[in-house]
file start-v2.csv (CSV, C-alpha atoms and all ligand atoms)
chain,number,residue,atom,x,y,z
H,223,MET,CA,-25.4,-11.3,-6.7
H,224,ARG,CA,-21.8,-11.7,-5.7
H,225,ASP,CA,-20.1,-11.1,-2.4
H,226,VAL,CA,-16.6,-9.5,-2.0
H,227,VAL,CA,-14.1,-11.1,0.3
H,228,VAL,CA,-11.2,-8.9,1.6
H,229,PHE,CA,-8.0,-10.1,3.1
H,230,VAL,CA,-6.9,-7.7,5.9
H,231,GLU,CA,-3.1,-7.5,6.2
H,232,HIS,CA,-2.1,-6.3,9.6
H,233,VAL,CA,1.1,-5.9,11.7
H,234,ALA,CA,0.6,-6.9,15.4
H,235,GLY,CA,-3.1,-6.0,15.2
H,236,GLN,CA,-2.6,-2.7,13.3
H,237,PRO,CA,-4.2,-3.1,9.9
H,238,ARG,CA,-2.0,-1.8,7.1
H,239,ARG,CA,-3.5,1.3,5.4
H,240,VAL,CA,-4.0,-0.7,2.2
H,241,SER,CA,-6.4,-2.9,4.1
H,242,PHE,CA,-8.7,0.1,4.8
H,243,GLU,CA,-8.3,1.2,1.2
H,244,ILE,CA,-9.4,-2.2,-0.1
H,245,ALA,CA,-12.3,-2.4,2.4
H,246,THR,CA,-13.6,1.0,1.2
H,247,LYS,CA,-13.4,-0.1,-2.5
H,248,ALA,CA,-14.9,-3.5,-1.6
H,249,LYS,CA,-18.1,-1.8,-0.4
H,250,GLU,CA,-18.5,0.1,-3.7
H,251,LEU,CA,-18.0,-3.1,-5.7
H,252,ALA,CA,-20.3,-5.2,-3.5
H,253,THR,CA,-23.0,-2.6,-3.8
H,254,ALA,CA,-22.7,-2.7,-7.6
H,255,LEU,CA,-22.7,-6.5,-7.6
H,256,GLY,CA,-25.7,-6.8,-5.2
H,257,GLY,CA,-23.6,-8.5,-2.5
H,258,THR,CA,-22.0,-7.8,0.8
H,259,VAL,CA,-18.4,-7.4,2.1
H,260,HIS,CA,-16.6,-10.0,4.2
H,261,ALA,CA,-13.3,-9.2,5.7
H,262,LEU,CA,-10.9,-11.8,7.0
H,263,VAL,CA,-8.6,-10.8,9.8
H,264,LEU,CA,-6.2,-13.6,10.7
H,265,GLY,CA,-3.5,-14.4,13.2
H,266,LYS,CA,-2.2,-13.0,16.4
H,267,ASN,CA,-4.0,-9.8,17.5
H,268,ALA,CA,-6.5,-10.3,14.8
H,269,SER,CA,-9.3,-9.2,17.2
H,270,ALA,CA,-7.6,-5.8,17.8
H,271,ALA,CA,-7.4,-5.3,14.0
H,272,ALA,CA,-11.0,-6.3,13.6
H,273,GLU,CA,-12.1,-3.6,16.1
H,274,GLN,CA,-10.4,-1.0,13.9
H,275,LEU,CA,-12.0,-2.3,10.8
H,276,LYS,CA,-15.5,-1.7,12.2
H,277,ALA,CA,-15.0,2.0,11.3
H,278,TYR,CA,-15.0,1.0,7.6
H,279,PRO,CA,-17.9,-0.2,5.4
H,280,VAL,CA,-17.6,-4.0,6.0
H,281,ASP,CA,-20.6,-6.1,6.6
H,282,THR,CA,-19.0,-9.2,8.2
H,283,ILE,CA,-15.6,-9.4,9.9
H,284,HIS,CA,-14.4,-12.9,10.2
H,285,VAL,CA,-11.7,-13.4,12.8
H,286,SER,CA,-9.3,-16.2,13.8
H,287,GLU,CA,-6.4,-16.1,16.1
H,288,ASP,CA,-5.5,-19.7,15.4
H,289,PRO,CA,-1.8,-20.1,16.5
H,290,ASP,CA,-1.1,-22.0,13.2
H,291,ILE,CA,-1.6,-18.7,11.3
H,292,ASP,CA,1.6,-16.8,10.8
H,293,ALA,CA,2.3,-13.9,8.6
H,294,PHE,CA,5.3,-15.6,7.2
H,295,LEU,CA,3.6,-18.9,6.5
H,296,VAL,CA,1.0,-18.3,3.9
H,297,ASP,CA,-0.6,-21.7,3.7
H,298,PRO,CA,-2.8,-21.5,6.8
H,299,SER,CA,-4.1,-18.1,5.7
H,300,VAL,CA,-4.8,-19.5,2.2
H,301,ASP,CA,-6.8,-22.3,3.9
H,302,TYR,CA,-9.0,-19.8,5.8
H,303,LEU,CA,-9.5,-17.6,2.7
H,304,GLU,CA,-10.3,-20.6,0.5
H,305,ALA,CA,-12.9,-21.8,3.0
H,306,ALA,CA,-14.4,-18.3,3.3
H,307,ALA,CA,-14.5,-17.7,-0.4
H,308,LYS,CA,-16.2,-21.0,-1.0
H,309,ALA,CA,-18.7,-20.4,1.8
H,310,VAL,CA,-19.9,-17.1,0.4
H,311,GLY,CA,-18.9,-17.8,-3.2
H,312,PRO,CA,-18.7,-17.4,-6.0
H,313,ALA,CA,-16.8,-14.4,-4.7
H,314,LEU,CA,-14.5,-11.6,-5.8
H,315,VAL,CA,-11.5,-11.7,-3.5
H,316,LEU,CA,-9.4,-8.6,-2.9
H,317,VAL,CA,-5.9,-8.9,-1.5
H,318,PRO,CA,-3.2,-6.2,-1.3
H,319,PHE,CA,-0.4,-6.3,-3.9
H,320,THR,CA,2.2,-6.6,-1.1
H,321,MET,CA,4.8,-9.3,-0.5
H,322,ILE,CA,2.3,-11.3,1.5
H,323,GLY,CA,-0.7,-10.5,-0.7
H,324,ARG,CA,1.0,-11.5,-3.9
H,325,ASP,CA,2.0,-14.9,-2.4
H,326,LEU,CA,-1.4,-15.5,-0.9
H,327,GLY,CA,-3.4,-14.3,-3.9
H,328,SER,CA,-1.5,-16.7,-6.3
H,329,ARG,CA,-1.9,-19.7,-4.1
H,330,LEU,CA,-5.6,-18.9,-3.6
H,331,ALA,CA,-6.1,-18.6,-7.3
H,332,ALA,CA,-4.7,-22.1,-7.8
H,333,ARG,CA,-6.9,-23.5,-5.1
H,334,LEU,CA,-10.1,-21.9,-6.5
H,335,ASP,CA,-9.1,-22.5,-10.1
H,336,ALA,CA,-9.6,-18.8,-10.6
H,337,GLY,CA,-8.0,-16.0,-12.4
H,338,GLN,CA,-5.8,-13.5,-10.6
H,339,ALA,CA,-5.3,-9.9,-11.8
H,340,ALA,CA,-2.1,-8.5,-10.3
H,341,ASP,CA,-0.9,-5.0,-9.6
H,342,VAL,CA,-4.5,-3.7,-10.0
H,343,THR,CA,-4.9,0.1,-9.7
H,344,ASP,CA,-8.6,0.2,-10.3
H,345,VAL,CA,-11.6,-2.2,-10.3
H,346,LYS,CA,-15.0,-1.5,-11.9
H,347,VAL,CA,-18.2,-3.3,-12.4
H,348,ASP,CA,-19.2,-3.1,-16.0
H,349,GLY,CA,-22.5,-4.8,-17.0
H,350,GLY,CA,-22.3,-7.1,-14.0
H,351,LYS,CA,-18.7,-8.1,-14.9
H,352,VAL,CA,-15.8,-7.2,-12.7
H,353,VAL,CA,-13.0,-5.5,-14.7
H,354,CYS,CA,-9.5,-5.0,-13.2
H,355,LEU,CA,-7.3,-2.2,-14.5
H,356,SER,CA,-3.6,-2.5,-14.2
H,357,PRO,CA,-0.6,-0.7,-15.7
H,358,LYS,CA,1.7,-2.7,-17.9
H,359,LEU,CA,4.9,-2.1,-19.9
H,360,GLY,CA,6.2,0.4,-17.3
H,361,GLY,CA,2.9,2.2,-17.1
H,362,THR,CA,2.7,3.0,-20.8
H,363,VAL,CA,-0.3,0.8,-21.3
H,364,ILE,CA,-3.3,0.3,-19.0
H,365,THR,CA,-4.9,-3.1,-19.4
H,366,GLY,CA,-8.5,-4.1,-18.4
H,367,CYS,CA,-9.2,-7.7,-17.7
H,368,ALA,CA,-12.3,-9.6,-16.7
H,369,PHE,CA,-12.4,-13.0,-15.0
H,370,LYS,CA,-13.5,-15.9,-17.1
H,371,GLY,CA,-14.6,-18.1,-14.2
H,372,ASP,CA,-16.9,-17.6,-11.2
H,373,TYR,CA,-14.2,-16.7,-8.8
H,374,GLY,CA,-11.7,-13.9,-9.3
H,375,ILE,CA,-8.8,-12.5,-7.3
H,376,ALA,CA,-7.6,-8.9,-7.6
H,377,ALA,CA,-4.3,-8.0,-6.0
H,378,ILE,CA,-4.6,-4.3,-5.4
H,379,ARG,CA,-1.6,-1.9,-5.5
H,380,PRO,CA,-1.4,0.0,-2.2
H,381,ASN,CA,-2.5,3.7,-2.4
H,382,SER,CA,-4.7,3.1,-5.4
H,383,PHE,CA,-7.9,4.1,-3.4
H,384,LYS,CA,-8.6,6.4,-0.6
H,385,ALA,CA,-9.6,4.8,2.7
H,386,VAL,CA,-12.9,6.3,3.7
H,387,PRO,CA,-14.6,5.3,7.0
H,388,GLY,CA,-18.2,4.4,6.5
H,389,ALA,CA,-21.1,2.5,7.9
H,390,GLY,CA,-21.2,-1.3,7.6
H,391,ALA,CA,-22.9,-3.8,9.8
H,392,GLY,CA,-19.4,-4.7,11.2
H,393,THR,CA,-20.6,-8.0,12.6
H,394,ILE,CA,-17.7,-9.9,14.0
H,395,VAL,CA,-17.8,-13.7,13.5
H,396,GLN,CA,-15.2,-16.2,14.8
H,397,LEU,CA,-14.0,-18.5,12.1
H,398,GLU,CA,-13.7,-22.2,12.5
H,399,LYS,CA,-10.5,-23.9,11.6
H,400,PRO,CA,-10.7,-25.5,8.2
H,401,ALA,CA,-11.0,-29.3,8.7
H,402,GLY,CA,-8.1,-31.6,8.3
H,403,LYS,CA,-5.3,-29.1,8.1
H,404,THR,CA,-1.8,-29.9,9.6
H,405,TYR,CA,1.3,-28.0,8.7
H,406,ARG,CA,4.8,-29.3,8.4
H,407,ILE,CA,6.6,-26.0,9.0
H,408,ALA,CA,6.4,-23.5,11.8
H,409,VAL,CA,8.2,-20.3,12.6
H,410,GLU,CA,10.6,-20.9,15.5
H,411,ASP,CA,11.8,-17.4,16.2
H,412,GLU,CA,11.3,-13.9,14.8
H,413,VAL,CA,13.9,-11.2,15.1
H,414,VAL,CA,12.3,-7.7,15.0
H,415,GLU,CA,14.7,-5.0,13.9
H,416,ALA,CA,14.8,-1.9,15.9
H,417,ALA,CA,11.7,0.2,15.2
H,418,GLY,CA,12.5,2.4,12.3
H,419,GLU,CA,10.6,4.9,10.3
H,420,LEU,CA,7.4,3.8,8.5
H,421,GLY,CA,7.8,2.8,4.8
H,422,VAL,CA,7.0,5.6,2.4
H,423,GLU,CA,3.8,3.8,1.4
H,424,GLU,CA,2.4,4.0,4.9
H,425,ALA,CA,3.7,7.4,6.1
H,426,SER,CA,1.4,10.4,6.1
H,427,THR,CA,4.3,12.7,5.3
H,428,VAL,CA,7.0,11.9,2.9
H,429,VAL,CA,10.1,14.1,2.2
H,430,SER,CA,11.8,12.9,-1.0
H,431,GLY,CA,15.2,13.8,-2.4
H,432,GLY,CA,16.3,13.8,-6.0
H,433,ARG,CA,19.5,14.3,-8.0
H,434,GLY,CA,19.6,17.8,-6.7
H,435,MET,CA,20.7,16.4,-3.3
H,436,GLY,CA,24.1,15.8,-4.9
H,437,GLY,CA,25.1,12.7,-2.9
H,438,PRO,CA,24.1,10.2,-0.2
H,439,GLU,CA,25.1,12.4,2.8
H,440,PRO,CA,22.3,15.0,2.6
H,441,PHE,CA,19.7,12.2,2.6
H,442,LYS,CA,21.0,11.1,6.0
H,443,THR,CA,21.3,14.6,7.4
H,444,ILE,CA,19.2,17.5,6.1
H,445,LEU,CA,16.5,15.4,4.5
H,446,LYS,CA,16.2,12.9,7.4
H,447,ASP,CA,16.1,15.8,9.9
H,448,LEU,CA,13.2,17.4,8.1
H,449,ALA,CA,11.4,14.0,7.7
H,450,ASP,CA,11.9,13.2,11.4
H,451,THR,CA,10.7,16.7,12.5
H,452,LEU,CA,7.5,16.2,10.6
H,453,GLY,CA,7.1,12.6,11.8
H,454,GLY,CA,7.5,11.4,8.2
H,455,SER,CA,9.6,9.1,6.0
H,456,VAL,CA,12.4,9.7,3.5
H,457,GLY,CA,11.6,9.0,-0.2
H,458,ALA,CA,13.6,9.4,-3.3
H,459,SER,CA,13.5,9.8,-7.1
H,460,ARG,CA,14.9,7.1,-9.3
H,461,ALA,CA,17.9,9.3,-10.2
H,462,ALA,CA,18.9,9.3,-6.5
H,463,VAL,CA,18.3,5.5,-6.1
H,464,ASP,CA,20.2,4.7,-9.3
H,465,ALA,CA,23.1,6.8,-8.1
H,466,GLY,CA,23.2,4.5,-5.0
H,467,TRP,CA,22.5,7.4,-2.6
H,468,ILE,CA,19.6,5.6,-1.0
H,469,GLY,CA,17.9,2.1,-1.2
H,470,HIS,CA,15.3,1.2,-3.8
H,471,GLY,CA,12.7,0.7,-1.0
H,472,HIS,CA,12.5,4.5,-0.8
H,473,GLN,CA,11.9,5.1,-4.5
H,474,VAL,CA,8.7,6.8,-5.5
H,475,GLY,CA,7.3,6.5,-9.0
H,476,GLN,CA,6.4,4.2,-11.8
H,477,THR,CA,9.2,1.6,-11.0
H,478,GLY,CA,9.1,2.4,-7.3
H,479,LYS,CA,6.3,2.9,-4.8
H,480,THR,CA,2.9,4.5,-5.4
H,481,ILE,CA,2.1,6.7,-2.4
H,482,SER,CA,-0.7,8.9,-1.2
H,483,PRO,CA,0.5,10.9,1.8
H,484,ASN,CA,-1.1,13.9,3.3
H,485,LEU,CA,2.0,15.9,2.6
H,486,TYR,CA,4.7,15.3,0.0
H,487,ILE,CA,7.8,17.4,-0.1
H,488,ALA,CA,9.9,17.0,-3.2
H,489,VAL,CA,13.5,18.3,-2.7
H,490,GLY,CA,15.7,18.7,-5.8
H,491,ILE,CA,13.3,16.6,-7.9
H,492,SER,CA,12.3,17.8,-11.4
H,493,GLY,CA,8.9,16.0,-11.5
H,494,ALA,CA,9.3,13.7,-14.4
H,495,ILE,CA,6.1,11.8,-15.4
H,496,GLN,CA,7.5,8.6,-14.0
H,497,HIS,CA,8.0,10.2,-10.7
H,498,LYS,CA,4.7,12.0,-10.8
H,499,VAL,CA,2.6,8.8,-11.3
H,500,GLY,CA,3.9,7.6,-7.9
H,501,MET,CA,2.9,10.6,-5.8
H,502,ARG,CA,0.3,12.7,-7.7
H,503,THR,CA,-2.5,11.6,-5.3
H,504,ALA,CA,-0.7,13.2,-2.3
H,505,SER,CA,-3.1,15.7,-0.7
H,506,THR,CA,-0.6,18.5,-0.6
H,507,ILE,CA,2.6,18.7,-2.8
H,508,VAL,CA,5.4,21.1,-1.9
H,509,ALA,CA,8.5,21.3,-4.2
H,510,ILE,CA,11.8,22.9,-3.3
H,511,ASN,CA,13.9,23.6,-6.4
H,512,LYS,CA,16.4,26.1,-7.6
H,513,ASP,CA,14.7,26.3,-11.0
H,514,GLY,CA,11.4,28.2,-11.1
H,515,THR,CA,10.3,26.7,-14.4
H,516,VAL,CA,10.7,23.0,-13.3
H,517,PRO,CA,7.9,20.7,-14.4
H,518,ILE,CA,7.0,19.8,-10.8
H,519,GLY,CA,5.9,23.4,-10.4
H,520,GLU,CA,3.0,22.7,-12.7
H,521,PHE,CA,1.3,20.2,-10.4
H,522,ALA,CA,2.8,21.2,-6.9
H,523,ASP,CA,0.6,23.2,-4.6
H,524,LEU,CA,3.6,25.2,-3.6
H,525,LEU,CA,7.0,25.6,-5.4
H,526,VAL,CA,9.7,27.1,-3.3
H,527,VAL,CA,12.4,28.4,-5.5
H,528,GLY,CA,16.0,28.5,-4.1
H,529,ASP,CA,18.9,26.4,-3.0
H,530,LEU,CA,17.8,23.3,-1.1
H,531,PHE,CA,20.9,23.4,1.1
H,532,ALA,CA,19.8,26.7,2.4
H,533,ILE,CA,16.1,26.2,2.5
H,534,VAL,CA,15.7,22.7,4.0
H,535,PRO,CA,17.7,23.2,7.3
H,536,GLU,CA,15.9,26.6,7.8
H,537,LEU,CA,12.6,24.9,7.3
H,538,THR,CA,13.4,22.2,9.8
H,539,LYS,CA,14.5,24.8,12.3
H,540,ALA,CA,11.4,26.8,11.8
H,541,ILE,CA,9.1,23.8,12.3
H,542,ARG,CA,11.0,22.8,15.4
H,543,ALA,CA,10.7,26.3,16.8
H,544,ALA,CA,7.0,26.3,16.1
H,545,HIS,CA,6.6,23.1,18.1
H,546,THR,CA,8.4,24.3,21.2
H,601,LIG,C1,10.8,3.3,-17.6
H,601,LIG,C2,11.2,4.3,-16.6
H,601,LIG,C3,10.8,4.2,-15.3
H,601,LIG,C4,11.1,5.3,-14.4
H,601,LIG,N1,10.7,5.2,-13.1
H,601,LIG,C5,10.9,6.2,-12.2
H,601,LIG,C6,10.5,6.1,-10.9
H,601,LIG,O1,9.9,5.2,-10.4
H,601,LIG,N2,10.7,7.2,-10.1
H,601,LIG,C7,11.4,8.3,-10.5
H,601,LIG,O2,11.6,9.2,-9.7
H,601,LIG,N3,11.9,8.3,-11.8
H,601,LIG,C8,11.7,7.3,-12.6
H,601,LIG,N4,12.2,7.3,-13.9
H,601,LIG,C9,13.2,8.4,-14.2
H,601,LIG,C10,12.6,9.7,-14.5
H,601,LIG,O3,12.3,9.8,-15.9
H,601,LIG,C11,13.6,10.9,-14.2
H,601,LIG,O4,14.8,10.7,-14.9
H,601,LIG,C12,13.9,11.0,-12.7
H,601,LIG,O5,12.7,11.1,-12.0
H,601,LIG,C13,14.7,12.3,-12.5
H,601,LIG,O6,15.0,12.3,-11.1
H,601,LIG,P1,15.3,13.8,-10.4
H,601,LIG,O7,14.1,14.6,-10.5
H,601,LIG,O8,15.8,13.5,-9.1
H,601,LIG,O9,16.5,14.3,-11.3
H,601,LIG,P2,16.5,15.5,-12.3
H,601,LIG,O10,15.5,15.4,-13.3
H,601,LIG,O11,18.0,15.6,-12.8
H,601,LIG,O12,16.2,16.8,-11.4
H,601,LIG,C14,17.0,17.3,-10.4
H,601,LIG,C15,16.4,18.6,-9.9
H,601,LIG,O13,17.2,19.1,-8.8
H,601,LIG,C16,17.2,20.5,-9.0
H,601,LIG,N5,18.3,21.0,-8.2
H,601,LIG,C17,19.7,20.7,-8.4
H,601,LIG,N6,20.4,21.3,-7.4
H,601,LIG,C18,19.6,21.9,-6.6
H,601,LIG,C19,19.7,22.7,-5.4
H,601,LIG,N7,21.0,22.9,-4.9
H,601,LIG,N8,18.7,23.2,-4.8
H,601,LIG,C20,17.4,23.0,-5.3
H,601,LIG,N9,17.2,22.3,-6.4
H,601,LIG,C21,18.2,21.7,-7.1
H,601,LIG,C22,17.3,20.8,-10.4
H,601,LIG,O14,16.8,22.1,-10.7
H,601,LIG,C23,16.4,19.7,-11.0
H,601,LIG,O15,15.1,20.1,-11.2
H,601,LIG,C24,11.9,6.3,-14.8
H,601,LIG,C25,12.3,6.4,-16.1
H,601,LIG,C26,12.0,5.4,-17.0
H,601,LIG,C27,12.4,5.5,-18.4

call {"tool": "encode", "arguments": {"input": "start-v2.csv", "output": "structure tokens", "more": "lines below"}}
Ligand SMILES: Cc1cc2nc3c(=O)[nH]c(=O)nc-3n(C[C@H](O)[C@H](O)[C@H](O)COP(=O)(O)OP(=O)(O)OC[C@H]3O[C@@H](n4cnc5c(N)ncnc54)[C@H](O)[C@@H]3O)c2cc1C
result
Amino acid sequence: MRDVVVFVEHVAGQPRRVSFEIATKAKELATALGGTVHALVLGKNASAAAEQLKAYPVDTIHVSEDPDIDAFLVDPSVDYLEAAAKAVGPALVLVPFTMIGRDLGSRLAARLDAGQAADVTDVKVDGGKVVCLSPKLGGTVITGCAFKGDYGIAAIRPNSFKAVPGAGAGTIVQLEKPAGKTYRIAVEDEVVEAAGELGVEEASTVVSGGRGMGGPEPFKTILKDLADTLGGSVGASRAAVDAGWIGHGHQVGQTGKTISPNLYIAVGISGAIQHKVGMRTASTIVAINKDGTVPIGEFADLLVVGDLFAIVPELTKAIRAAHT
């Protein structure tokens, strides 16, 4: 028997989508291992995040709003995770493969003297052993690794699994502060930038542009207009990013973000395999391309053939008209 511990990353009480994805997967793994799922929700507004987590198949939701916990200071969170993992252990710990999750997972691995598998895109239980699959060498090789020790940490790439609400006991438990912990650093101030669009990995609609956009301007005008009209975010192919038309944070694909939106609109993108691996799990894929034989047509749900500079503004106009 082995329990699964999940670290729930949230922003001001709103869990990141990856947290729900991991919670869903955790239940499947815990069932196969004969254990239960424990989720840790830490920091300011953790209780609000915990309430949302109740809709997912988690057995025990451990909460602490200890003011020492801060998203930008990983040590306090590692202390709580370490204590929880040891309390239920030997456990499998799932963290998101995000900036915070990577930092946290590595520190936790050192504390537990455990192995960590990074950038994991799938986890299986094979003959009682946990096996983590992750792409290597630019996605040309998929490795499977099992943990040697009792504990194991898997850092899961966002959008690797679907988040599916489901029944769990959802019992909320207040965590006690790990004994003897004092911290020598504290965050004095936090400057929040003006609210912008969601990152491509969180947005439910992504409108991406490729080399066919011809330059940086159309990203800021016609593409952004369409994305804003749909309440979505702007993505890009690597060709557009490499040309300096838009930042790397928007890149979708093997060396960019893996995303799983409800709707993906690829504008002036040919659909190379390295792009496809980053967006193939989108629920609906629409491509706009002047070439009717382009590879993306083979896996898009709809290929609109024509000049993007004519189609995209008209599409935006039509959507706006339909909403007024
Ligand atoms: C190791 C490695 C990693 C990579 N990682 C990534 C990655 O993460 N993400 C990624 O995207 N790529 C990645 N690539 C690059 C990838 O192989 C392709 O080169 C890239 O995706 C092509 O981008 P594109 O589709 O925008 O450009 P192109 O393939 O040049 O396609 C441009 C498309 O625009 C269309 N077009 C042109 N003008 C118009 C118009 N006016 N109206 C309508 N359509 C028009 C054309 O018909 C064409 O289909 C990687 C490559 C390697 C080797």

call {"tool": "atom_distance", "arguments": {"input": "start-v2.csv", "atom1": "atom CA of Gly349 of chain H", "atom2": "atom CA of Val230 of chain H"}}
result
27.9 Å

call {"tool": "closest_residue", "arguments": {"input": "start-v2.csv", "among": "H:Ala252, H:Lys247, H:Lys479, H:Ser459", "to": "Asp341 of chain H", "atoms": "all atoms listed in the file"}}
result
H:Lys479

call {"tool": "residues_near_ligand", "arguments": {"input": "start-v2.csv", "ligand": "ligand LIG 601 (chain H)", "cutoff": "6 Å", "atoms": "all atoms listed in the file", "output": "list in words"}}
result
Gly360, Gly432, Arg433, Gly434, Ser459, Arg460, Ala461, Ala462, Val474, Gly475, Gln476, Thr477, Gly478, Gly490, Ile491, Ser492, Gly493, Ala494, Gln496, His497, Ile510, Asn511, Lys512, Asp513, Val516, Gly528, Asp529 and Leu530 of chain H

call {"tool": "write_last_selection", "arguments": {"input": "start-v2.csv", "atoms": "C-alpha atoms", "output": "CSV table (one decimal), in the frame of the given file"}}
result
chain,number,residue,atom,x,y,z
H,360,GLY,CA,6.2,0.4,-17.3
H,432,GLY,CA,16.3,13.8,-6.0
H,433,ARG,CA,19.5,14.3,-8.0
H,434,GLY,CA,19.6,17.8,-6.7
H,459,SER,CA,13.5,9.8,-7.1
H,460,ARG,CA,14.9,7.1,-9.3
H,461,ALA,CA,17.9,9.3,-10.2
H,462,ALA,CA,18.9,9.3,-6.5
H,474,VAL,CA,8.7,6.8,-5.5
H,475,GLY,CA,7.3,6.5,-9.0
H,476,GLN,CA,6.4,4.2,-11.8
H,477,THR,CA,9.2,1.6,-11.0
H,478,GLY,CA,9.1,2.4,-7.3
H,490,GLY,CA,15.7,18.7,-5.8
H,491,ILE,CA,13.3,16.6,-7.9
H,492,SER,CA,12.3,17.8,-11.4
H,493,GLY,CA,8.9,16.0,-11.5
H,494,ALA,CA,9.3,13.7,-14.4
H,496,GLN,CA,7.5,8.6,-14.0
H,497,HIS,CA,8.0,10.2,-10.7
H,510,ILE,CA,11.8,22.9,-3.3
H,511,ASN,CA,13.9,23.6,-6.4
H,512,LYS,CA,16.4,26.1,-7.6
H,513,ASP,CA,14.7,26.3,-11.0
H,516,VAL,CA,10.7,23.0,-13.3
H,528,GLY,CA,16.0,28.5,-4.1
H,529,ASP,CA,18.9,26.4,-3.0
H,530,LEU,CA,17.8,23.3,-1.1

call {"tool": "closest_atom_pairs", "arguments": {"input": "start-v2.csv", "of": "segment 325-392 of chain H", "to": "segment 300-313 of chain H", "cutoff": "7 Å", "atoms": "all atoms listed in the file", "output": "Markdown table"}}
result
| residue | atom | partner | partner_atom | distance |
| --- | --- | --- | --- | --- |
| H:Leu326 | CA | H:Val300 | CA | 6.1 |
| H:Arg329 | CA | H:Val300 | CA | 6.9 |
| H:Leu330 | CA | H:Val300 | CA | 5.9 |
| H:Asp372 | CA | H:Pro312 | CA | 5.5 |
| H:Tyr373 | CA | H:Pro312 | CA | 5.3 |
| H:Gly374 | CA | H:Ala313 | CA | 6.9 |

call {"tool": "closest_residue", "arguments": {"input": "start-v2.csv", "among": "H:Ile541, H:Val285, H:Val456, H:Ala509", "to": "Ala268 of chain H", "atoms": "all atoms listed in the file"}}
result
H:Val285

call {"tool": "closest_residue", "arguments": {"input": "start-v2.csv", "among": "H:Glu398, H:Ala293, H:Thr362, H:Phe441", "to": "Ile495 of chain H", "atoms": "only C-alpha atoms"}}
result
H:Thr362

call {"tool": "closest_residue", "arguments": {"input": "start-v2.csv", "among": "H:Leu251, H:Thr538, H:Gly421, H:Ile291", "to": "Lys403 of chain H", "atoms": "only C-alpha atoms"}}
result
H:Ile291

call {"tool": "atom_distance", "arguments": {"input": "start-v2.csv", "atom1": "atom CA of Lys249 of chain H", "atom2": "atom CA of Leu314 of chain H"}}
result
11.8 Å

call {"tool": "residues_near_point", "arguments": {"input": "start-v2.csv", "point": "(18.1, 19.5, 9.0)", "cutoff": "7 Å", "atoms": "all atoms listed in the file", "output": "list in words"}}
result
Thr443, Ile444, Leu445, Asp447, Leu448, Val534, Pro535 and Thr538 of chain H

call {"tool": "write_last_selection", "arguments": {"input": "start-v2.csv", "atoms": "C-alpha atoms", "output": "short mmCIF file (atom, residue, chain, number, x, y, z; two decimals), in the frame of the given file"}}
result
data_model
loop_
_atom_site.label_atom_id
_atom_site.label_comp_id
_atom_site.auth_asym_id
_atom_site.auth_seq_id
_atom_site.Cartn_x
_atom_site.Cartn_y
_atom_site.Cartn_z
CA THR H 443 21.30 14.60 7.40
CA ILE H 444 19.20 17.50 6.10
CA LEU H 445 16.50 15.40 4.50
CA ASP H 447 16.10 15.80 9.90
CA LEU H 448 13.20 17.40 8.10
CA VAL H 534 15.70 22.70 4.00
CA PRO H 535 17.70 23.20 7.30
CA THR H 538 13.40 22.20 9.80
#

call {"tool": "atom_distance", "arguments": {"input": "start-v2.csv", "atom1": "atom CA of Ile378 of chain H", "atom2": "atom CA of Phe294 of chain H"}}
result
19.6 Å

call {"tool": "closest_residue", "arguments": {"input": "start-v2.csv", "among": "H:Asp297, H:Glu536, H:Asp344, H:Asp450", "to": "Asp325 of chain H", "atoms": "only C-alpha atoms"}}
result
H:Asp297

call {"tool": "axis_aligned_box", "arguments": {"input": "start-v2.csv", "around": "segment 286-304 of chain H", "padding_each_side": "5 Å", "output": "JSON"}}
result
{"center_x": -2.5, "center_y": -18.1, "center_z": 8.5, "size_x": 25.6, "size_y": 18.4, "size_z": 26.0}

call {"tool": "decode", "arguments": {"input": "start-v2.csv", "residues": "segment 347-365 of chain H", "atoms": "C-alpha atoms", "output": "tab-separated table (two decimals), in the first residue's frame"}}
result
chain	number	residue	atom	x	y	z
H	347	VAL	CA	1.86	1.49	-11.91
H	348	ASP	CA	3.51	-1.61	-13.28
H	349	GLY	CA	3.61	-4.67	-11.04
H	350	GLY	CA	3.31	-2.46	-7.96
H	351	LYS	CA	6.15	-0.19	-9.12
H	352	VAL	CA	5.61	3.43	-10.09
H	353	VAL	CA	7.03	4.19	-13.53
H	354	CYS	CA	7.41	7.78	-14.76
H	355	LEU	CA	7.56	8.49	-18.47
H	356	SER	CA	9.26	11.61	-19.73
H	357	PRO	CA	10.46	12.83	-23.11
H	358	LYS	CA	14.19	13.34	-23.56
H	359	LEU	CA	16.50	14.59	-26.33
H	360	GLY	CA	13.94	17.04	-27.64
H	361	GLY	CA	11.14	14.49	-27.53
H	362	THR	CA	12.88	11.96	-29.77
H	363	VAL	CA	13.15	9.47	-26.89
H	364	ILE	CA	10.64	8.64	-24.16
H	365	THR	CA	12.26	7.31	-21.01
